[in-house]
Amino acid sequence: MSEATSEYKRKFLVVIDDGPDCDRAVTFAAHRVKRTGGTVVLLTVIDSADFQQFLGVEDVMRAEAREEAERMLDQRIARIGKVGTIRTETVIREGQVIEEIERVVLADPGIAVLVLAASAGKEGPGKLVTAFASRSGAAGLPVLVTIVPGSMTDEQIVAVT
């Protein structure tokens, strides 16, 4: 194996939001990185459409949204810390979540896996799973997409990582 190849450590991208299924994806990525090496990249996207509705309070709303995004990231970093010493990176973007995921993946050639958690609810697997799992060919992302069932327990996730 060449030196460049042996030093490559893939990155697992996990989208962080306030949904209950998000922790399933974080748990999978953290345990997989613990076992195989690499980095967990935590991405949260602030929906910029929310700021365009209220004149004069845009800056305050943006600052509050950023604080909330940082809080969610801190919670997930603490969760990862319980798994072990795992390298993490955080990214906060503003825009539409699907487009920002695409931009992050295309901008960082180290990202090899997008980890999503399917919803455990009756309403379907969720917007992100639906958007990325159904893509193929030129519309697909140049990374693997791993979908963790939202109904899996931490113990079940650890067993498959």
# chains A, B, ... in the order shown; residues from 1 in each chain; ligands from 1

$ residues_around --residues "Arg71 in chain A" --least-positions-apart "4" --cutoff "12 Å" --atoms "only C-alpha atoms" --output "MDAnalysis selection string"
chainID A and resid 16:18 44 64:67 75:78 90 92

$ select_by_dssp --residues "range 38-120 of chain A" --states "helix (DSSP H, G or I)" --output "count of residues only"
43

$ atom_distance --atom1 "CA of Ile86 in chain A" --atom2 "CA of Val33 in chain A"
7.0 Å

$ atom_distance --atom1 "CA of Ile98 in chain A" --atom2 "CA of Ile46 in chain A"
11.5 Å

$ residues_around --residues "Pro109 in chain A" --least-positions-apart "6" --cutoff "12 Å" --atoms "only C-alpha atoms" --output "VMD selection string"
chain A and resid 8 to 13 102 to 103 141 to 143

$ residues_around --residues "Ile147 in chain A" --least-positions-apart "5" --cutoff "8 Å" --atoms "only C-alpha atoms" --output "list of chain:residue names"
A:Ala25, A:Val115, A:Leu116, A:Ala117, A:Ala118, A:Val129

$ closest_residue --among "A:Gly81, A:Gly110, A:Gly38, A:Gly126" --to "Gly150 in chain A" --atoms "only C-alpha atoms"
A:Gly126

$ atom_distance --atom1 "CA of Asp47 in chain A" --atom2 "CA of Gly95 in chain A"
5.1 Å

$ closest_residue --among "A:Val41, A:Leu128, A:Cys22, A:Met152" --to "Val113 in chain A" --atoms "only C-alpha atoms"
A:Val41

$ select_by_dssp --residues "range 61-160 of chain A" --states "strand (DSSP E)" --output "PDB file with N, CA, C and O atoms, in the first residue's frame"
ATOM      1  N   THR A  88     -13.263  14.890  15.522  1.00  0.00           N
ATOM      2  CA  THR A  88     -14.488  15.476  14.978  1.00  0.00           C
ATOM      3  C   THR A  88     -14.178  16.807  14.318  1.00  0.00           C
ATOM      4  O   THR A  88     -13.213  17.484  14.680  1.00  0.00           O
ATOM      5  N   GLU A  89     -14.997  17.148  13.364  1.00  0.00           N
ATOM      6  CA  GLU A  89     -15.003  18.468  12.750  1.00  0.00           C
ATOM      7  C   GLU A  89     -16.448  18.938  12.763  1.00  0.00           C
ATOM      8  O   GLU A  89     -17.365  18.123  12.688  1.00  0.00           O
ATOM      9  N   THR A  90     -16.636  20.241  12.867  1.00  0.00           N
ATOM     10  CA  THR A  90     -17.993  20.780  12.812  1.00  0.00           C
ATOM     11  C   THR A  90     -18.098  21.788  11.673  1.00  0.00           C
ATOM     12  O   THR A  90     -17.137  22.503  11.369  1.00  0.00           O
ATOM     13  N   VAL A  91     -19.269  21.795  11.068  1.00  0.00           N
ATOM     14  CA  VAL A  91     -19.554  22.722   9.980  1.00  0.00           C
ATOM     15  C   VAL A  91     -20.945  23.285  10.219  1.00  0.00           C
ATOM     16  O   VAL A  91     -21.895  22.526  10.427  1.00  0.00           O
ATOM     17  N   ILE A  92     -21.053  24.598  10.195  1.00  0.00           N
ATOM     18  CA  ILE A  92     -22.355  25.259  10.266  1.00  0.00           C
ATOM     19  C   ILE A  92     -22.535  26.009   8.957  1.00  0.00           C
ATOM     20  O   ILE A  92     -21.683  26.814   8.575  1.00  0.00           O
ATOM     21  N   ARG A  93     -23.620  25.716   8.276  1.00  0.00           N
ATOM     22  CA  ARG A  93     -23.936  26.377   7.015  1.00  0.00           C
ATOM     23  C   ARG A  93     -25.303  27.030   7.123  1.00  0.00           C
ATOM     24  O   ARG A  93     -26.119  26.656   7.958  1.00  0.00           O
ATOM     25  N   GLU A  94     -25.535  27.966   6.252  1.00  0.00           N
ATOM     26  CA  GLU A  94     -26.827  28.625   6.165  1.00  0.00           C
ATOM     27  C   GLU A  94     -27.369  28.408   4.764  1.00  0.00           C
ATOM     28  O   GLU A  94     -26.656  28.617   3.786  1.00  0.00           O
ATOM     29  N   ILE A 111     -14.483  13.364   2.594  1.00  0.00           N
ATOM     30  CA  ILE A 111     -15.763  12.789   3.001  1.00  0.00           C
ATOM     31  C   ILE A 111     -16.064  11.603   2.092  1.00  0.00           C
ATOM     32  O   ILE A 111     -16.151  11.734   0.875  1.00  0.00           O
ATOM     33  N   ALA A 112     -16.192  10.437   2.716  1.00  0.00           N
ATOM     34  CA  ALA A 112     -16.429   9.207   1.962  1.00  0.00           C
ATOM     35  C   ALA A 112     -17.801   8.606   2.231  1.00  0.00           C
ATOM     36  O   ALA A 112     -18.289   7.816   1.439  1.00  0.00           O
ATOM     37  N   VAL A 113     -18.408   8.983   3.372  1.00  0.00           N
ATOM     38  CA  VAL A 113     -19.680   8.375   3.755  1.00  0.00           C
ATOM     39  C   VAL A 113     -20.607   9.451   4.324  1.00  0.00           C
ATOM     40  O   VAL A 113     -20.208  10.209   5.200  1.00  0.00           O
ATOM     41  N   LEU A 114     -21.825   9.488   3.817  1.00  0.00           N
ATOM     42  CA  LEU A 114     -22.885  10.309   4.388  1.00  0.00           C
ATOM     43  C   LEU A 114     -23.735   9.371   5.230  1.00  0.00           C
ATOM     44  O   LEU A 114     -24.279   8.391   4.713  1.00  0.00           O
ATOM     45  N   VAL A 115     -23.818   9.642   6.531  1.00  0.00           N
ATOM     46  CA  VAL A 115     -24.576   8.783   7.440  1.00  0.00           C
ATOM     47  C   VAL A 115     -25.887   9.486   7.785  1.00  0.00           C
ATOM     48  O   VAL A 115     -25.881  10.586   8.330  1.00  0.00           O
ATOM     49  N   LEU A 116     -26.990   8.833   7.442  1.00  0.00           N
ATOM     50  CA  LEU A 116     -28.320   9.360   7.721  1.00  0.00           C
ATOM     51  C   LEU A 116     -29.070   8.360   8.584  1.00  0.00           C
ATOM     52  O   LEU A 116     -28.811   7.155   8.516  1.00  0.00           O
ATOM     53  N   ALA A 117     -29.999   8.854   9.373  1.00  0.00           N
ATOM     54  CA  ALA A 117     -30.853   7.962  10.161  1.00  0.00           C
ATOM     55  C   ALA A 117     -32.270   8.069   9.627  1.00  0.00           C
ATOM     56  O   ALA A 117     -32.792   9.170   9.435  1.00  0.00           O
ATOM     57  N   LEU A 144     -20.559   7.084  -0.355  1.00  0.00           N
ATOM     58  CA  LEU A 144     -21.505   6.080   0.113  1.00  0.00           C
ATOM     59  C   LEU A 144     -22.554   6.757   0.980  1.00  0.00           C
ATOM     60  O   LEU A 144     -22.244   7.716   1.696  1.00  0.00           O
ATOM     61  N   VAL A 145     -23.755   6.253   0.940  1.00  0.00           N
ATOM     62  CA  VAL A 145     -24.817   6.742   1.826  1.00  0.00           C
ATOM     63  C   VAL A 145     -25.207   5.572   2.718  1.00  0.00           C
ATOM     64  O   VAL A 145     -25.633   4.525   2.236  1.00  0.00           O
ATOM     65  N   THR A 146     -25.004   5.752   4.018  1.00  0.00           N
ATOM     66  CA  THR A 146     -25.372   4.738   4.997  1.00  0.00           C
ATOM     67  C   THR A 146     -26.630   5.210   5.707  1.00  0.00           C
ATOM     68  O   THR A 146     -26.676   6.330   6.216  1.00  0.00           O
ATOM     69  N   ILE A 147     -27.636   4.357   5.736  1.00  0.00           N
ATOM     70  CA  ILE A 147     -28.897   4.703   6.383  1.00  0.00           C
ATOM     71  C   ILE A 147     -29.075   3.804   7.603  1.00  0.00           C
ATOM     72  O   ILE A 147     -29.135   2.578   7.479  1.00  0.00           O
ATOM     73  N   VAL A 148     -29.135   4.435   8.768  1.00  0.00           N
ATOM     74  CA  VAL A 148     -29.295   3.715  10.026  1.00  0.00           C
ATOM     75  C   VAL A 148     -30.776   3.743  10.395  1.00  0.00           C
ATOM     76  O   VAL A 148     -31.360   4.826  10.493  1.00  0.00           O
TER      77      VAL A 148
END

$ closest_residue --among "A:Leu42, A:Glu123, A:Val105, A:Asp154" --to "Gly140 in chain A" --atoms "only C-alpha atoms"
A:Val105
